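Peer 1: Contents are compact mmCIF, C-alpha atoms; file name target-v7.txt:
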```
# COMPACT_ATOMS: atom_id res chain seq x y z
CA MET Q 1 36.33 36.01 -33.65
CA LEU Q 2 37.93 34.94 -30.35
CA ILE Q 3 35.49 32.04 -30.00
CA ALA Q 4 36.25 30.92 -33.56
CA GLN Q 5 39.99 31.03 -32.93
CA ALA Q 6 39.61 29.03 -29.71
CA TRP Q 7 37.44 26.49 -31.53
CA GLU Q 8 40.06 26.02 -34.26
CA ARG Q 9 42.74 25.37 -31.64
CA ILE Q 10 40.85 22.82 -29.57
CA ALA Q 11 38.45 21.12 -31.98
CA VAL Q 12 41.11 18.88 -33.53
CA ASP Q 13 40.09 15.78 -31.59
CA PRO Q 14 36.70 14.06 -32.15
CA THR Q 15 36.48 13.34 -28.41
CA VAL Q 16 36.74 17.04 -27.58
CA ILE Q 17 34.15 17.98 -30.23
CA GLU Q 18 31.71 15.34 -28.98
CA SER Q 19 32.15 16.34 -25.34
CA LEU Q 20 31.63 20.03 -26.08
CA GLY Q 21 28.50 19.07 -28.01
CA ILE Q 22 27.18 17.18 -24.99
CA LEU Q 23 27.80 20.19 -22.75
CA CYS Q 24 26.05 22.31 -25.35
CA ALA Q 25 22.95 20.09 -25.12
CA ALA Q 26 23.11 19.60 -21.33
CA ARG Q 27 20.76 21.72 -19.26
CA GLU Q 28 23.20 22.16 -16.37
CA ALA Q 29 26.86 21.67 -15.57
CA LEU Q 30 28.11 18.06 -15.70
CA SER Q 31 30.78 16.30 -13.70
CA LEU Q 32 33.47 14.31 -15.51
CA ASP Q 33 31.78 11.12 -14.29
CA GLU Q 34 28.50 12.19 -15.91
CA LEU Q 35 30.27 13.34 -19.06
CA GLN Q 36 32.05 10.00 -19.29
CA VAL Q 37 28.74 8.11 -19.00
CA VAL Q 38 27.10 10.14 -21.77
CA ALA Q 39 30.14 10.27 -24.09
CA GLY Q 40 31.09 6.65 -23.46
CA TRP Q 41 34.76 7.34 -22.76
CA SER Q 42 36.67 4.07 -22.47
CA ASP Q 43 40.14 5.50 -21.81
CA PRO Q 44 40.55 7.16 -18.36
CA THR Q 45 43.08 9.61 -19.81
CA GLN Q 46 40.31 11.19 -21.93
CA ARG Q 47 38.96 12.96 -18.86
CA GLY Q 48 42.07 15.02 -18.16
CA MET Q 49 42.79 15.52 -21.86
CA PHE Q 50 39.34 17.02 -22.45
CA VAL Q 51 39.65 19.49 -19.55
CA ARG Q 52 43.12 20.63 -20.67
CA ARG Q 53 42.22 21.13 -24.33
CA ALA Q 54 38.79 22.68 -23.84
CA SER Q 55 39.61 24.89 -20.84
CA GLU Q 56 39.29 28.10 -22.89
CA LEU Q 57 35.58 27.45 -23.43
CA LEU Q 58 34.74 25.96 -20.03
CA VAL Q 59 33.78 27.17 -16.58
CA GLU Q 60 34.73 24.90 -13.69
CA THR Q 61 32.64 25.04 -10.52
CA GLU Q 62 32.37 22.84 -7.46
CA ARG Q 63 29.36 21.02 -6.07
CA PRO Q 64 28.55 20.91 -2.35
CA ASP Q 65 30.12 17.44 -2.16
CA GLY Q 66 33.40 18.79 -3.58
CA GLN Q 67 32.98 17.23 -7.02
CA LYS Q 68 34.04 19.47 -9.92
CA GLU Q 69 31.57 20.19 -12.70
CA TYR Q 70 31.87 21.86 -16.10
CA ARG Q 71 29.74 23.94 -18.43
CA LEU Q 72 30.29 26.14 -21.47
CA HIS Q 73 31.38 29.63 -20.51
CA HIS Q 74 28.35 31.55 -21.77
CA ASP Q 75 25.42 31.42 -24.20
CA SER Q 76 27.37 32.84 -27.14
CA ILE Q 77 29.80 29.91 -26.91
CA ARG Q 78 26.87 27.51 -26.67
CA ALA Q 79 25.34 29.02 -29.81
CA TYR Q 80 28.67 28.83 -31.67
CA VAL Q 81 29.26 25.19 -30.73
CA ALA Q 82 25.69 24.29 -31.74
CA ASP Q 83 26.23 25.95 -35.12
CA GLN Q 84 29.53 24.15 -35.67
CA ILE Q 85 28.34 20.63 -34.85
CA GLY Q 86 24.97 21.01 -36.61
CA ALA Q 87 21.37 20.24 -35.67
CA LYS Q 88 21.64 16.50 -36.33
CA ALA Q 89 24.60 16.01 -33.98
CA LEU Q 90 22.96 18.19 -31.33
CA SER Q 91 19.82 16.06 -31.52
CA GLN Q 92 21.93 12.93 -31.06
CA HIS Q 93 23.52 14.46 -27.96
CA HIS Q 94 20.06 15.16 -26.54
CA ARG Q 95 19.13 11.54 -27.19
CA ALA Q 96 22.30 10.32 -25.45
CA LEU Q 97 21.58 12.55 -22.44
CA ALA Q 98 18.00 11.25 -22.30
CA GLU Q 99 19.08 7.60 -22.45
CA ARG Q 100 22.15 7.70 -20.22
CA LEU Q 101 21.72 10.59 -17.81
CA ALA Q 102 17.95 11.14 -17.78
CA PRO Q 103 16.38 7.69 -18.12
CA TRP Q 104 13.03 6.90 -16.59
CA PRO Q 105 12.24 5.09 -14.41
CA VAL Q 106 15.33 5.55 -12.26
CA PRO Q 107 15.85 4.28 -8.69
CA PRO Q 108 15.47 6.86 -5.87
CA GLU Q 109 19.10 6.34 -4.82
CA ALA Q 110 20.55 6.82 -8.33
CA PRO Q 111 22.95 9.81 -8.59
CA SER Q 112 21.31 10.90 -11.85
CA ARG Q 113 17.77 10.94 -10.44
CA ARG Q 114 17.53 14.70 -9.93
CA TYR Q 115 18.87 15.42 -13.42
CA ALA Q 116 16.38 12.92 -14.86
CA LEU Q 117 13.46 14.53 -13.05
CA ARG Q 118 14.48 18.00 -14.18
CA HIS Q 119 15.34 17.32 -17.80
CA ALA Q 120 13.91 13.98 -18.98
CA LEU Q 121 11.15 15.67 -20.97
CA VAL Q 122 13.19 18.44 -22.58
CA HIS Q 123 15.93 16.09 -23.84
CA ARG Q 124 13.36 13.77 -25.43
CA ALA Q 125 11.60 16.71 -27.04
CA GLU Q 126 14.86 18.18 -28.37
CA ALA Q 127 15.77 14.75 -29.76
CA GLY Q 128 12.39 14.55 -31.49
CA ASP Q 129 11.56 11.35 -29.61
CA TRP Q 130 7.90 12.24 -29.19
CA THR Q 131 6.70 8.75 -28.29
CA ASP Q 132 9.16 8.36 -25.44
CA ALA Q 133 8.48 11.92 -24.28
CA TRP Q 134 4.81 11.03 -23.83
CA ARG Q 135 5.73 7.74 -22.14
CA VAL Q 136 7.53 9.78 -19.46
CA ALA Q 137 5.00 12.64 -19.26
CA GLY Q 138 2.10 10.18 -18.99
CA ASP Q 139 3.81 8.30 -16.18
CA LEU Q 140 2.04 9.47 -13.01
CA CYS Q 141 4.94 8.01 -11.00
CA PHE Q 142 7.23 10.50 -12.78
CA LEU Q 143 4.85 13.40 -12.17
CA GLU Q 144 4.47 12.47 -8.50
CA ALA Q 145 8.24 12.23 -7.99
CA ARG Q 146 8.74 15.54 -9.78
CA CYS Q 147 6.04 17.29 -7.73
CA ARG Q 148 7.51 15.85 -4.57
CA GLU Q 149 11.16 16.72 -5.23
CA LEU Q 150 10.96 19.80 -7.48
CA GLY Q 151 7.49 21.26 -6.89
CA VAL Q 152 4.19 21.18 -8.70
CA HIS Q 153 4.63 24.60 -10.37
CA ASP Q 154 7.84 23.58 -12.18
CA THR Q 155 6.24 20.26 -13.15
CA GLU Q 156 3.25 22.03 -14.66
CA ALA Q 157 5.52 24.41 -16.60
CA ASP Q 158 7.57 21.51 -17.99
CA VAL Q 159 4.48 19.64 -19.24
CA THR Q 160 3.13 22.89 -20.70
CA ARG Q 161 6.34 23.36 -22.70
CA LEU Q 162 6.06 19.78 -23.93
CA ALA Q 163 2.49 20.44 -25.12
CA GLU Q 164 3.75 23.48 -27.03
CA ARG Q 165 6.47 21.39 -28.67
CA TYR Q 166 3.92 18.77 -29.71
CA ARG Q 167 1.74 21.51 -31.17
CA ALA Q 168 4.67 22.98 -33.11
CA SER Q 169 5.56 19.52 -34.47
CA GLY Q 170 2.02 19.02 -35.77
CA ASP Q 171 1.18 16.20 -33.35
CA ASP Q 172 -2.23 17.55 -32.38
CA ALA Q 173 -3.39 14.42 -30.52
CA ARG Q 174 -0.44 14.38 -28.13
CA ALA Q 175 -0.55 18.20 -27.90
CA ARG Q 176 -4.12 17.95 -26.62
CA ARG Q 177 -3.29 15.22 -24.11
CA ALA Q 178 -0.20 17.02 -22.82
CA GLY Q 179 -2.19 20.25 -22.63
CA ASP Q 180 -4.90 18.54 -20.60
CA LEU Q 181 -2.24 17.08 -18.33
CA SER Q 182 -0.71 20.50 -17.65
CA ARG Q 183 -4.18 21.96 -17.02
CA ALA Q 184 -4.94 19.15 -14.58
CA LEU Q 185 -1.72 19.88 -12.69
CA ALA Q 186 -2.66 23.57 -12.60
CA ARG Q 187 -6.19 22.88 -11.41
CA GLU Q 188 -4.98 20.58 -8.62
CA SER Q 189 -1.82 22.51 -7.75
CA HIS Q 190 -3.23 23.83 -4.47
CA TRP Q 191 -3.60 20.21 -3.29
CA LEU Q 192 -0.45 18.80 -4.88
CA HIS Q 193 1.69 21.47 -3.25
CA GLY Q 194 1.07 19.88 0.13
CA ALA Q 195 0.20 16.32 -0.88
CA PRO Q 196 2.22 15.23 -3.94
CA GLU Q 197 1.54 11.60 -3.03
CA ALA Q 198 -2.03 12.17 -4.29
CA THR Q 199 -0.87 12.99 -7.83
CA ASP Q 200 -2.18 9.80 -9.42
CA ALA Q 201 -5.66 10.10 -7.89
CA LEU Q 202 -6.10 13.84 -8.45
CA VAL Q 203 -4.80 13.90 -12.02
CA TRP Q 204 -6.58 10.69 -13.09
CA ASN Q 205 -9.95 11.87 -11.77
CA ARG Q 206 -9.51 15.38 -13.14
CA LEU Q 207 -8.88 14.00 -16.65
CA ARG Q 208 -11.85 11.65 -16.30
CA ARG Q 209 -14.08 14.59 -15.39
CA TRP Q 210 -12.85 16.39 -18.50
CA GLY Q 211 -14.04 13.55 -20.70
CA TRP Q 212 -10.99 11.36 -21.22
CA SER Q 213 -11.97 7.94 -22.45
CA VAL Q 214 -11.11 4.72 -20.64
CA GLU Q 215 -8.59 3.96 -23.41
CA GLU Q 216 -6.85 7.31 -22.94
CA LEU Q 217 -6.73 6.89 -19.17
CA ASP Q 218 -5.35 3.38 -19.60
CA GLY Q 219 -2.47 5.00 -21.48
CA LEU Q 220 -1.34 6.64 -18.25
CA ARG Q 221 0.92 4.68 -15.95
CA VAL Q 222 -0.20 4.67 -12.33
CA PRO Q 223 1.98 3.38 -9.48
CA ASP Q 224 1.92 -0.39 -9.01
CA GLY Q 225 -0.77 -1.32 -6.55
CA ALA Q 226 -2.27 2.17 -6.55
CA SER Q 227 -5.75 2.17 -5.04
CA PHE Q 228 -7.96 5.25 -5.04
CA LEU Q 229 -11.56 6.21 -5.64
CA ARG Q 230 -12.12 6.71 -9.35
CA VAL Q 231 -14.78 8.90 -10.95
CA ARG Q 232 -17.29 6.72 -12.81
CA HIS Q 233 -19.75 9.32 -14.07
CA ALA Q 234 -18.13 12.65 -14.89
CA HIS Q 235 -20.34 15.55 -13.91
CA THR Q 236 -19.42 18.94 -12.50
CA CYS Q 237 -20.91 22.38 -12.03
CA GLU Q 238 -17.43 23.89 -12.12
CA SER Q 239 -16.88 26.53 -14.79
CA PRO Q 240 -14.49 25.39 -17.55
CA ALA Q 241 -12.93 28.86 -17.33
CA LEU Q 242 -11.53 28.07 -13.87
CA VAL Q 243 -7.76 27.57 -14.16
CA ARG Q 244 -6.47 27.15 -10.61
CA ASP Q 245 -7.05 27.94 -6.93
CA LEU Q 246 -4.62 30.22 -5.12
CA GLN Q 247 -4.34 29.08 -1.53
CA GLY Q 248 -2.19 30.44 1.27
CA HIS Q 249 -4.22 32.94 3.27
CA THR Q 250 -5.53 31.79 6.64
CA ASN Q 251 -8.68 33.93 6.70
CA VAL Q 252 -11.18 35.60 4.41
CA VAL Q 253 -9.81 37.19 1.21
CA ASN Q 254 -11.43 40.61 0.90
CA ALA Q 255 -9.96 42.03 -2.30
CA CYS Q 256 -7.46 41.54 -5.10
CA ALA Q 257 -5.80 43.61 -7.81
CA VAL Q 258 -3.96 42.61 -10.98
CA THR Q 259 -0.77 44.40 -12.02
CA PRO Q 260 -0.91 46.40 -15.27
CA ASP Q 261 1.29 43.91 -17.12
CA GLY Q 262 -1.09 41.08 -16.22
CA ARG Q 263 1.68 38.95 -14.73
CA HIS Q 264 0.86 39.20 -11.03
CA VAL Q 265 -2.11 39.50 -8.70
CA VAL Q 266 -2.14 40.97 -5.20
CA SER Q 267 -4.65 39.66 -2.65
CA ALA Q 268 -5.78 41.30 0.60
CA SER Q 269 -6.94 39.14 3.49
CA HIS Q 270 -8.47 39.35 6.92
CA ASP Q 271 -5.39 37.43 8.15
CA GLN Q 272 -3.67 40.87 8.22
CA THR Q 273 -1.48 40.18 5.17
CA LEU Q 274 -1.32 40.74 1.44
CA LYS Q 275 0.14 38.16 -0.93
CA VAL Q 276 1.70 38.58 -4.36
CA TRP Q 277 1.11 35.72 -6.81
CA GLU Q 278 2.51 34.84 -10.22
CA LEU Q 279 -0.57 34.41 -12.42
CA ALA Q 280 0.99 32.06 -14.99
CA SER Q 281 1.98 29.46 -12.42
CA GLY Q 282 -0.06 30.34 -9.33
CA ARG Q 283 3.19 30.50 -7.39
CA PRO Q 284 3.12 32.72 -4.24
CA LEU Q 285 5.99 35.19 -4.54
CA ALA Q 286 5.75 37.30 -1.39
CA THR Q 287 3.71 37.91 1.74
CA LEU Q 288 3.38 41.54 2.81
CA ARG Q 289 3.16 41.89 6.58
CA GLY Q 290 2.75 45.09 8.57
CA HIS Q 291 -0.93 45.66 9.26
CA THR Q 292 -2.23 44.83 12.72
CA ASP Q 293 -5.76 43.99 11.63
CA GLY Q 294 -7.58 42.62 8.61
CA VAL Q 295 -6.75 44.11 5.20
CA LYS Q 296 -9.96 45.20 3.47
CA ALA Q 297 -8.77 46.55 0.10
CA CYS Q 298 -5.74 46.98 -2.15
CA ALA Q 299 -4.81 48.85 -5.31
CA VAL Q 300 -1.81 48.68 -7.65
CA THR Q 301 -0.28 51.89 -9.02
CA PRO Q 302 -0.51 52.42 -12.80
CA ASP Q 303 3.22 51.82 -13.24
CA GLY Q 304 2.94 48.48 -11.44
CA ARG Q 305 5.69 49.36 -8.97
CA HIS Q 306 3.68 49.87 -5.77
CA VAL Q 307 0.68 48.52 -3.90
CA VAL Q 308 -1.56 50.45 -1.53
CA SER Q 309 -3.53 48.55 1.11
CA ALA Q 310 -6.39 49.66 3.37
CA SER Q 311 -6.92 47.96 6.72
CA TRP Q 312 -9.26 47.76 9.66
CA ASP Q 313 -6.31 48.98 11.75
CA GLN Q 314 -7.30 52.48 10.47
CA THR Q 315 -4.21 52.87 8.28
CA LEU Q 316 -3.12 52.53 4.68
CA GLN Q 317 0.25 51.04 3.79
CA VAL Q 318 2.29 51.70 0.68
CA TRP Q 319 4.46 48.77 -0.47
CA GLU Q 320 7.17 48.29 -3.06
CA LEU Q 321 5.87 45.41 -5.17
CA ALA Q 322 9.22 44.02 -6.35
CA SER Q 323 10.69 43.63 -2.87
CA GLY Q 324 7.58 43.56 -0.67
CA ARG Q 325 9.13 46.33 1.41
CA PRO Q 326 6.77 48.72 3.25
CA LEU Q 327 7.46 52.31 2.20
CA ALA Q 328 4.94 54.40 4.14
CA THR Q 329 2.05 54.25 6.59
CA LEU Q 330 -0.80 56.71 5.93
CA GLN Q 331 -2.74 57.67 9.05
CA GLY Q 332 -5.66 59.97 9.76
CA HIS Q 333 -8.84 57.90 9.73
CA THR Q 334 -10.56 57.17 13.05
CA GLY Q 335 -12.57 54.20 11.78
CA TYR Q 336 -11.70 51.06 9.89
CA LEU Q 337 -10.98 51.47 6.18
CA THR Q 338 -13.20 49.84 3.57
CA ALA Q 339 -11.65 50.82 0.22
CA CYS Q 340 -8.79 52.57 -1.54
CA ALA Q 341 -7.93 53.65 -5.07
CA VAL Q 342 -4.94 55.18 -6.86
CA THR Q 343 -5.42 58.07 -9.28
CA PRO Q 344 -4.54 57.45 -12.96
CA ASP Q 345 -1.36 59.52 -12.72
CA GLY Q 346 -0.20 57.44 -9.74
CA ARG Q 347 0.37 60.52 -7.59
CA HIS Q 348 -2.54 60.30 -5.14
CA VAL Q 349 -4.51 57.76 -3.13
CA VAL Q 350 -8.18 58.03 -2.19
CA SER Q 351 -9.39 56.06 0.83
CA ALA Q 352 -12.81 55.39 2.32
CA SER Q 353 -13.56 54.74 5.99
CA ARG Q 354 -16.46 53.73 8.16
CA HIS Q 355 -17.37 54.99 11.61
CA PRO Q 356 -15.69 52.78 14.22
CA MET Q 357 -18.87 52.21 16.25
CA THR Q 358 -20.45 50.24 13.38
CA ARG Q 359 -17.80 47.60 13.65
CA ARG Q 360 -18.78 44.37 15.42
CA SER Q 361 -15.38 42.95 16.32
CA ARG Q 362 -11.76 44.00 16.62
CA SER Q 363 -10.39 40.47 16.95
CA GLY Q 364 -8.93 40.23 13.44
CA SER Q 365 -11.46 37.59 12.33
CA TRP Q 366 -15.22 37.48 11.82
CA PRO Q 367 -17.32 36.89 14.96
CA ALA Q 368 -18.02 33.19 15.46
CA ASP Q 369 -21.78 33.69 15.16
CA ASP Q 370 -21.68 35.99 12.13
CA ARG Q 371 -19.27 35.24 9.27
CA SER Q 372 -20.38 38.14 7.10
CA PRO Q 373 -19.01 41.68 7.34
CA PRO Q 374 -21.11 44.35 9.04
```
Using structure tokens, write down the structure that the file contains.
Peer 2:
Amino acid sequence: MLIAQAWERIAVDPTVIESLGILCAAREALSLDELQVVAGWSDPTQRGMFVRRASELLVETERPDGQKEYRLHHDSIRAYVADQIGAKALSQHHRALAERLAPWPVPPEAPSRRYALRHALVHRAEAGDWTDAWRVAGDLCFLEARCRELGVHDTEADVTRLAERYRASGDDARARRAGDLSRALARESHWLHGAPEATDALVWNRLRRWGWSVEELDGLRVPDGASFLRVRHAHTCESPALVRDLQGHTNVVNACAVTPDGRHVVSASHDQTLKVWELASGRPLATLRGHTDGVKACAVTPDGRHVVSASWDQTLQVWELASGRPLATLQGHTGYLTACAVTPDGRHVVSASRHPMTRRSRSGSWPADDRSPP
């Protein structure tokens, strides 16, 4: 009721209605300069007039450079404005944002570059401009810039969402291509994380190995003058079930455990740490440090709240999964630990140990002349 009353008071000017619609479609707060570009304000007084009349529905914040920015107060207001202006007008606002604030290509020094990298695909999809959405998604220059400036995991997620939108729209051909593109980013994410400049080579060759035709590959835009070794005959022994590599440990990975909800995996390594990973993206979320020797085993409690680890330092550690905080150290063994398990009720831990004299090294890594465990 309060939102409706505020709307009736302020939505008497087409300029205000249009500007609120743009903020409704925008994916982050906009400055008045950005709003003016998208709305096409010609009269400088429209800037102050909009802020005064729409202040009830707006939140004003400040950017690090001191520039003020504006967004709708909360999601319920966004939903109300979207309902009032209608789906057609909202789609037009998405198109205006795509063309004027999220164009591609855009020069590296352009103020709108970061917004374009973050939201170029979603605005084109929301506008139903499927051809232009694929033009941007299939631009390896765009994917490289996005991986470099925003990270490969967010880039993969964005292309995955685009593939889902294509599938929902019934465009199966583009849904398949976008899906393959997101899978290629996932499969190469462990390389792209540290070397985004190799995006064109890694993605192009990955798609070629998956059977993309020359015509399909020619539909991708590679950087001008790009030169890299291209796969001519696609052949691999790699299992098609392999989704991605999780890299980050600096020594042998001895064990892993998946949380009961299937969203995370915990790995135990001889580098004396455990790592928590997000399965959907492969993103490393936390590194658990506290052991003084290699970690041999790990187990997640049935409620998914805690992790137990067993180490060659003769101790077990209990960790809070959400925070990565160590909660307890369990001592009593006189040899290095080889395994651990949590009982189904989550109340007890069982650990297994080996006599210390059977161990070959206490250096924290495998002996140089024998890389297998004793």
Peer 1: Write out as a ChimeraX atom specification each polymer residue whose atoms come within 7 Å of segment 51-60 of chain Q, counting all atoms listed in the file; drop sequence neighbours fewer than 3 positions from it.
Peer 2: /Q:6,10,47-48,68-73
Peer 1: Suppose you want the space between atom CA of Leu23 of chain Q and atom CA of Ile77 of chain Q; what is it in Å?
Peer 2: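 Calculated distance between atom CA of Leu23 of chain Q and atom CA of Ile77 of chain Q is 10.8 Å.
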Peer 1: What is the atom CA of Val276 of chain Q to atom CA of Thr334 of chain Q distance in Å?
Peer 2: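 Straight-line distance from atom CA of Val276 of chain Q to atom CA of Thr334 of chain Q works out to 28.3 Å.
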Peer 1: So how far away is atom CA of Arg325 of chain Q from atom CA of His264 of chain Q, in Å?
Peer 2: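 Atom-to-atom, atom CA of His264 of chain Q and atom CA of Arg325 of chain Q are spaced 16.6 Å apart.
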Peer 1: In the coordinate frame of the file, compute which residues have an atom within 12 Å of (10.6, 16.8, -27.2) when using all atoms listed in the file, and state them as a PyMOL selection string.
Peer 2: chain Q and resi 91+94-95+98+119-137+158-169+171+174-175+178
Peer 1: Taking the point (-7.7, 55.3, -5.1) as given in the file, collect each protein or nucleic acid residue that comes within 12 Å of it, counting only C-alpha atoms, and present the set as a list in words.
Peer 2: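 Those residues, ordered by chain and then number, are Ala297, Cys298, Ala299, Val300, Thr301, Pro302, Val307, Val308, Ser309, Ala310, Leu316, Thr338, Ala339, Cys340, Ala341, Val342, Thr343, Pro344, Asp345, Gly346, Arg347, His348, Val349, Val350, Ser351 and Ala352 of chain Q.
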Peer 1: Pick from Q:Leu181, Q:Cys256, Q:Leu192, Q:Ala29: nearest to Gly151 of chain Q, with all atoms listed in the file counted?
Peer 2: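 Closest to Gly151 of chain Q, using all atoms listed in the file: Q:Leu192.
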Peer 1: With distances taken over all atoms listed in the file, which of Q:Leu217, Q:Gly294, Q:His235, Q:Gly194 is nearest to Gly248 of chain Q?
Peer 2: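 Under the stated criterion, the closest residue is Q:Gly194.
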Peer 1: Compile the contact shell of Leu117 of chain Q as a ChimeraX atom specification: residues with an atom at most 10 Å away, counting all atoms listed in the file, same-chain residues fewer than 3 positions apart removed.
Peer 2: /Q:102-106,112-114,120-121,136,142-143,145-147,149-150,155
Peer 1: Print the selection's residues with C-alpha atoms to a file, as a PDB file, in the frame of the given file.
Peer 2:
```
ATOM      1  CA  ALA Q 102      17.950  11.140 -17.780  1.00  0.00           C
ATOM      2  CA  PRO Q 103      16.380   7.690 -18.120  1.00  0.00           C
ATOM      3  CA  TRP Q 104      13.030   6.900 -16.590  1.00  0.00           C
ATOM      4  CA  PRO Q 105      12.240   5.090 -14.410  1.00  0.00           C
ATOM      5  CA  VAL Q 106      15.330   5.550 -12.260  1.00  0.00           C
ATOM      6  CA  SER Q 112      21.310  10.900 -11.850  1.00  0.00           C
ATOM      7  CA  ARG Q 113      17.770  10.940 -10.440  1.00  0.00           C
ATOM      8  CA  ARG Q 114      17.530  14.700  -9.930  1.00  0.00           C
ATOM      9  CA  ALA Q 120      13.910  13.980 -18.980  1.00  0.00           C
ATOM     10  CA  LEU Q 121      11.150  15.670 -20.970  1.00  0.00           C
ATOM     11  CA  VAL Q 136       7.530   9.780 -19.460  1.00  0.00           C
ATOM     12  CA  PHE Q 142       7.230  10.500 -12.780  1.00  0.00           C
ATOM     13  CA  LEU Q 143       4.850  13.400 -12.170  1.00  0.00           C
ATOM     14  CA  ALA Q 145       8.240  12.230  -7.990  1.00  0.00           C
ATOM     15  CA  ARG Q 146       8.740  15.540  -9.780  1.00  0.00           C
ATOM     16  CA  CYS Q 147       6.040  17.290  -7.730  1.00  0.00           C
ATOM     17  CA  GLU Q 149      11.160  16.720  -5.230  1.00  0.00           C
ATOM     18  CA  LEU Q 150      10.960  19.800  -7.480  1.00  0.00           C
ATOM     19  CA  THR Q 155       6.240  20.260 -13.150  1.00  0.00           C
TER      20      THR Q 155
END
```
Peer 1: Which residues are near Leu246 of chain Q? Cut-off 10 Å, only C-alpha atoms, ignore same chain within fewer than 6 positions. Put them as a count of residues only.
Peer 2: 11
Peer 1: Would you mind telling me which residue in Q:Arg177, Q:Arg209, Q:Arg221, Q:Arg63 lies nearest to Glu238 of chain Q when using all atoms listed in the file?
Peer 2: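 For Glu238 of chain Q, the nearest of the candidates is Q:Arg209.
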Peer 1: Which is closer to Trp191 of chain Q than all the others in Q:Val203, Q:Val258, Q:Val37, Q:Leu274, using only C-alpha atoms?
Peer 2: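 When distances to Trp191 of chain Q are compared using only C-alpha atoms, the smallest one comes from Q:Val203.
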Peer 1: Find the residue from Q:Ser323, Q:Thr15, Q:Gln272, Q:Thr292 that sits nearest to Ser42 of chain Q; use all atoms listed in the file when measuring.
Peer 2: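 Using all atoms listed in the file, Ser42 of chain Q sits closest to Q:Thr15.
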Peer 1: Please supply segment 267-279 of chain Q, rebuilt with N, CA and C atoms, as a PDB file, in the coordinates of the input.
Peer 2:
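part_9.pdb written:
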```
ATOM      1  N   SER Q 267      -3.426  39.965  -3.405  1.00  0.00           N
ATOM      2  CA  SER Q 267      -4.650  39.660  -2.650  1.00  0.00           C
ATOM      3  C   SER Q 267      -4.556  40.259  -1.252  1.00  0.00           C
ATOM      4  N   ALA Q 268      -5.699  40.696  -0.734  1.00  0.00           N
ATOM      5  CA  ALA Q 268      -5.780  41.300   0.600  1.00  0.00           C
ATOM      6  C   ALA Q 268      -6.685  40.443   1.461  1.00  0.00           C
ATOM      7  N   SER Q 269      -6.215  40.106   2.656  1.00  0.00           N
ATOM      8  CA  SER Q 269      -6.940  39.140   3.490  1.00  0.00           C
ATOM      9  C   SER Q 269      -7.185  39.657   4.889  1.00  0.00           C
ATOM     10  N   HIS Q 270      -8.178  39.031   5.520  1.00  0.00           N
ATOM     11  CA  HIS Q 270      -8.470  39.350   6.920  1.00  0.00           C
ATOM     12  C   HIS Q 270      -7.444  38.714   7.854  1.00  0.00           C
ATOM     13  N   ASP Q 271      -6.465  37.961   7.304  1.00  0.00           N
ATOM     14  CA  ASP Q 271      -5.390  37.430   8.150  1.00  0.00           C
ATOM     15  C   ASP Q 271      -4.281  38.460   8.385  1.00  0.00           C
ATOM     16  N   GLN Q 272      -4.554  39.734   7.995  1.00  0.00           N
ATOM     17  CA  GLN Q 272      -3.670  40.870   8.220  1.00  0.00           C
ATOM     18  C   GLN Q 272      -2.502  40.944   7.227  1.00  0.00           C
ATOM     19  N   THR Q 273      -2.551  40.165   6.155  1.00  0.00           N
ATOM     20  CA  THR Q 273      -1.480  40.180   5.170  1.00  0.00           C
ATOM     21  C   THR Q 273      -2.017  40.419   3.772  1.00  0.00           C
ATOM     22  N   LEU Q 274      -1.084  40.779   2.885  1.00  0.00           N
ATOM     23  CA  LEU Q 274      -1.320  40.740   1.440  1.00  0.00           C
ATOM     24  C   LEU Q 274      -0.361  39.700   0.865  1.00  0.00           C
ATOM     25  N   LYS Q 275      -0.748  39.097  -0.241  1.00  0.00           N
ATOM     26  CA  LYS Q 275       0.140  38.160  -0.930  1.00  0.00           C
ATOM     27  C   LYS Q 275       0.249  38.558  -2.396  1.00  0.00           C
ATOM     28  N   VAL Q 276       1.442  38.335  -2.938  1.00  0.00           N
ATOM     29  CA  VAL Q 276       1.700  38.580  -4.360  1.00  0.00           C
ATOM     30  C   VAL Q 276       1.862  37.223  -5.026  1.00  0.00           C
ATOM     31  N   TRP Q 277       1.121  37.008  -6.119  1.00  0.00           N
ATOM     32  CA  TRP Q 277       1.110  35.720  -6.810  1.00  0.00           C
ATOM     33  C   TRP Q 277       1.537  35.890  -8.258  1.00  0.00           C
ATOM     34  N   GLU Q 278       2.200  34.893  -8.795  1.00  0.00           N
ATOM     35  CA  GLU Q 278       2.510  34.840 -10.220  1.00  0.00           C
ATOM     36  C   GLU Q 278       1.316  34.187 -10.915  1.00  0.00           C
ATOM     37  N   LEU Q 279       0.663  34.920 -11.823  1.00  0.00           N
ATOM     38  CA  LEU Q 279      -0.570  34.410 -12.420  1.00  0.00           C
ATOM     39  C   LEU Q 279      -0.330  33.184 -13.295  1.00  0.00           C
TER      40      LEU Q 279
END
```
